[in-house]
Every structure is written in C-alpha cells, then in structure tokens.
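S.K.: Structure provided below as structure tokens; questions to follow.
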Amino acid sequence: METVYFAGGCLWGVQAFIKTLPGVRYTEAGRANGTSQTLHGDYDGYAECVKAEFDPQVVLITELMGYFFEIIDPYSLNKQGQDVGKKYRTGVYSENPEHLIEAKTFLSKRSDYDRIVVEVLPLTNYVRSAEEHQDRLARCPDDYCHIPEELLNKYK
C-alpha cells in the first residue's frame with residue numbers, strides 16, 4: 001500500500017468521493033502541511049485534506065489525479081464551492097518523491113497547465129481531523145458539500 005494526501009476544498013466531500021475509487025483501501029480526514037501537531041489554536045497554514053491509502057497494483061497516482069480533477073476547480077485559488085480560505089486550497093502531498101513527480105507530470109501534460117493552481121508538495125506535517133469530521137457525509141448526508149451528489153456516487 002502507498003499513501004497520498006489530496007486537498008480539494010472541504011474534506012467531507014473529498015473523502016466521500018476518494019473512498020469510492022478503485023484501488024483506494026483506506027481514507028482519513030486530516031490537515032496537511034500546517035505547523036502544529038494539534039487541532040486546537042489559531043490557523044497554522046494547513047490545507048484540509050484526505051489521506052488515501054491505495055494499492056499501486058490497482059491504481060496509479062496519475063489515475064488518482066484524473067479522478068481528483070473531476071471534483072475540483074483546478075483554477076480556483078483558496079476556494080472550492082462556497083468554501084473560501086487558504087485551508088480550502090487544492091493540493092497533492094506525499095512523503096514519496098515519486099508521487100510528486102508523477103503528479104507534476106500529470107499537470108504538465110494538460111493543455112491548461114498555465115492556469116492550474118493545484119499545489120504539489122512534499123508532506124511536511126499531517127494531523128488527523130477530529131472524529132466528527134471522519135466520514136462526515138456518510139453520517140450527515142444533508143450537510144453542505146461542494147461536490148455534486150452524482151459525482152460523489154459516480155464510482156460506487
């Protein structure tokens with residue numbers, strides 16, 4: 001199994017979508033690349049993200065990037081749907097340098113590359129979100145989500 005972290009706005013919908021993808025075995029809501037190890041205190045620069053453990057024999061990073069691009073606006077800086085702020089920026093993070101190379105290659109091959117604002121960075125810090133945020137849409141399906149329901153269920 002390998003692990004990659006996707007930030008695509010509010011993590012509730014991102015987690016609900018990613019957990020349905022082929023080869024994804026585990027997801028967890030969290031915070032990427034902040035400066036603290038706690039959920040308490042002032043905003044520390046993190047991006048809301050979803051930790052995704054996947055089987056590379058079933059799905060590749062480039063394929064996961066393709067799926068990810070179905071649910072984000074890659075041109076929107078610090079905003080997805082009605083969620084606005086730096087913590088809602090889009091990004092792909094990993095401790096594996098090969099994942100970052102593959103993600104950057106995916107982006108560079110796109111004809112709209114010069115307009116894309118998706119970060120691709122090494123994971124420097126990860127904090128698991130509070131239990132109330134784990135699989136939130138499964139427990140509270142009427143909560144706001146910036147991802148249309150037909151996309152959330154596309155790969156179920």
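Starting from 1 in every chain, residues are counted up; chains themselves are A, B, ... following the order of the structure tokens, and ligands are numbered from 1 as listed.
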Write down as a PyMOL selection string the residues of chain A whose backbone DSSP state falls under alpha helix (DSSP H).
M.R.: chain A and resi 11-18+61-71+97-108+136-139+149-152
S.K.: Quick one: residues within 12 Å of Pro148 (chain A), only C-alpha atoms counted, chain neighbours fewer than 5 positions away excluded, as a list in words?
M.R.: Gly13, Val14, Ala16, Phe17, Glu70, Ile71, Ile72, Gly81, Asn153 and Lys154 of chain A
S.K.: Pick out the residues sitting within 12 Å of Glu132 (chain A), and hand them over as a list in words; count only C-alpha atoms, and ignore anything fewer than 2 positions along from it in its own chain.
M.R.: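 The contact residues come out as Leu11, Trp12, Glu28, Ala29, Gly30, Arg128, Ser129, Ala130, Gln134, Asp135, Arg136, Leu137, Ala138, Arg139 and Cys140 of chain A.
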S.K.: Expressed in Å to a single decimal, how great is the separation between CA of Ile101 (chain A) and CA of Phe54 (chain A)?
M.R.: 17.3 Å
S.K.: Fewer than 6 positions away in the same chain doesn't count, so skip those; otherwise give me all residues within 10 Å of Val118 (chain A), counting only C-alpha atoms, as a PDB file with N, CA and C atoms, in the first residue's frame.
M.R.:
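The file below, out.pdb, is the result:
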```pdb
ATOM      1  N   ALA A   7      -5.952  17.570  -1.153  1.00  0.00           N
ATOM      2  CA  ALA A   7      -6.688  18.715  -0.624  1.00  0.00           C
ATOM      3  C   ALA A   7      -7.545  19.263  -1.762  1.00  0.00           C
ATOM      4  N   GLY A   8      -8.857  19.295  -1.540  1.00  0.00           N
ATOM      5  CA  GLY A   8      -9.756  19.714  -2.610  1.00  0.00           C
ATOM      6  C   GLY A   8     -10.937  20.508  -2.091  1.00  0.00           C
ATOM      7  N   PHE A  69      -9.302  15.500 -10.353  1.00  0.00           N
ATOM      8  CA  PHE A  69      -9.651  16.649 -11.189  1.00  0.00           C
ATOM      9  C   PHE A  69     -11.127  16.656 -11.590  1.00  0.00           C
ATOM     10  N   ILE A  72     -12.641  18.922  -8.481  1.00  0.00           N
ATOM     11  CA  ILE A  72     -12.119  20.242  -8.092  1.00  0.00           C
ATOM     12  C   ILE A  72     -12.194  21.222  -9.252  1.00  0.00           C
ATOM     13  N   ASP A  73     -12.141  22.495  -8.906  1.00  0.00           N
ATOM     14  CA  ASP A  73     -11.900  23.552  -9.888  1.00  0.00           C
ATOM     15  C   ASP A  73     -10.411  23.858  -9.769  1.00  0.00           C
ATOM     16  N   PRO A  74      -9.590  23.364 -10.688  1.00  0.00           N
ATOM     17  CA  PRO A  74      -8.142  23.498 -10.552  1.00  0.00           C
ATOM     18  C   PRO A  74      -7.622  24.921 -10.768  1.00  0.00           C
ATOM     19  N   TYR A  75      -8.497  25.834 -11.179  1.00  0.00           N
ATOM     20  CA  TYR A  75      -8.099  27.220 -11.428  1.00  0.00           C
ATOM     21  C   TYR A  75      -8.443  28.142 -10.267  1.00  0.00           C
ATOM     22  N   SER A  76      -9.153  27.635  -9.294  1.00  0.00           N
ATOM     23  CA  SER A  76      -9.641  28.457  -8.184  1.00  0.00           C
ATOM     24  C   SER A  76      -8.641  28.430  -7.024  1.00  0.00           C
ATOM     25  N   LEU A  77      -8.118  29.582  -6.680  1.00  0.00           N
ATOM     26  CA  LEU A  77      -7.137  29.691  -5.610  1.00  0.00           C
ATOM     27  C   LEU A  77      -7.843  29.892  -4.273  1.00  0.00           C
ATOM     28  N   ASN A  78      -7.597  28.968  -3.347  1.00  0.00           N
ATOM     29  CA  ASN A  78      -8.134  29.072  -1.982  1.00  0.00           C
ATOM     30  C   ASN A  78      -9.658  29.117  -1.931  1.00  0.00           C
ATOM     31  N   ARG A  89      -7.549  25.381  -0.090  1.00  0.00           N
ATOM     32  CA  ARG A  89      -6.780  25.331  -1.339  1.00  0.00           C
ATOM     33  C   ARG A  89      -6.704  23.880  -1.838  1.00  0.00           C
ATOM     34  N   THR A  90      -6.358  23.744  -3.097  1.00  0.00           N
ATOM     35  CA  THR A  90      -6.213  22.422  -3.686  1.00  0.00           C
ATOM     36  C   THR A  90      -4.740  22.026  -3.682  1.00  0.00           C
ATOM     37  N   GLY A  91      -4.502  20.749  -3.439  1.00  0.00           N
ATOM     38  CA  GLY A  91      -3.126  20.286  -3.428  1.00  0.00           C
ATOM     39  C   GLY A  91      -3.017  18.778  -3.371  1.00  0.00           C
ATOM     40  N   VAL A  92      -1.831  18.317  -3.693  1.00  0.00           N
ATOM     41  CA  VAL A  92      -1.471  16.911  -3.601  1.00  0.00           C
ATOM     42  C   VAL A  92      -0.161  16.877  -2.832  1.00  0.00           C
ATOM     43  N   LYS A 104       3.179  16.016 -10.826  1.00  0.00           N
ATOM     44  CA  LYS A 104       3.646  17.172 -11.617  1.00  0.00           C
ATOM     45  C   LYS A 104       3.627  16.846 -13.107  1.00  0.00           C
ATOM     46  N   LEU A 107       0.086  17.149 -14.344  1.00  0.00           N
ATOM     47  CA  LEU A 107      -0.281  18.553 -14.550  1.00  0.00           C
ATOM     48  C   LEU A 107       0.369  19.129 -15.800  1.00  0.00           C
TER      49      LEU A 107
END
```
S.K.: Could you state the separation of CA of Ile18 (chain A) and CA of Ile61 (chain A) in Å, given to one decimal place?
M.R.: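 Between CA of Ile18 (chain A) and CA of Ile61 (chain A) the gap is 12.6 Å.
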S.K.: Taking the DSSP secondary structure from the backbone, can you list the residues of chain A that are strand (DSSP E or B), as an NGL selection string?
M.R.: :A and (2-8 or 24-32 or 47-54 or 79-80 or 83-84 or 90-94 or 119-122 or 126-128)
S.K.: Work out how far CA of Lys51 (chain A) is from CA of Ile147 (chain A), in Å to one decimal.
M.R.: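 Separation between CA of Ile147 (chain A) and CA of Lys51 (chain A): 18.0 Å.
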S.K.: Using only C-alpha atoms, find the one residue out of A:Tyr88, A:Tyr26, A:Tyr155, A:Phe106 that sits nearest to Ala47 (chain A).
M.R.: A:Tyr88
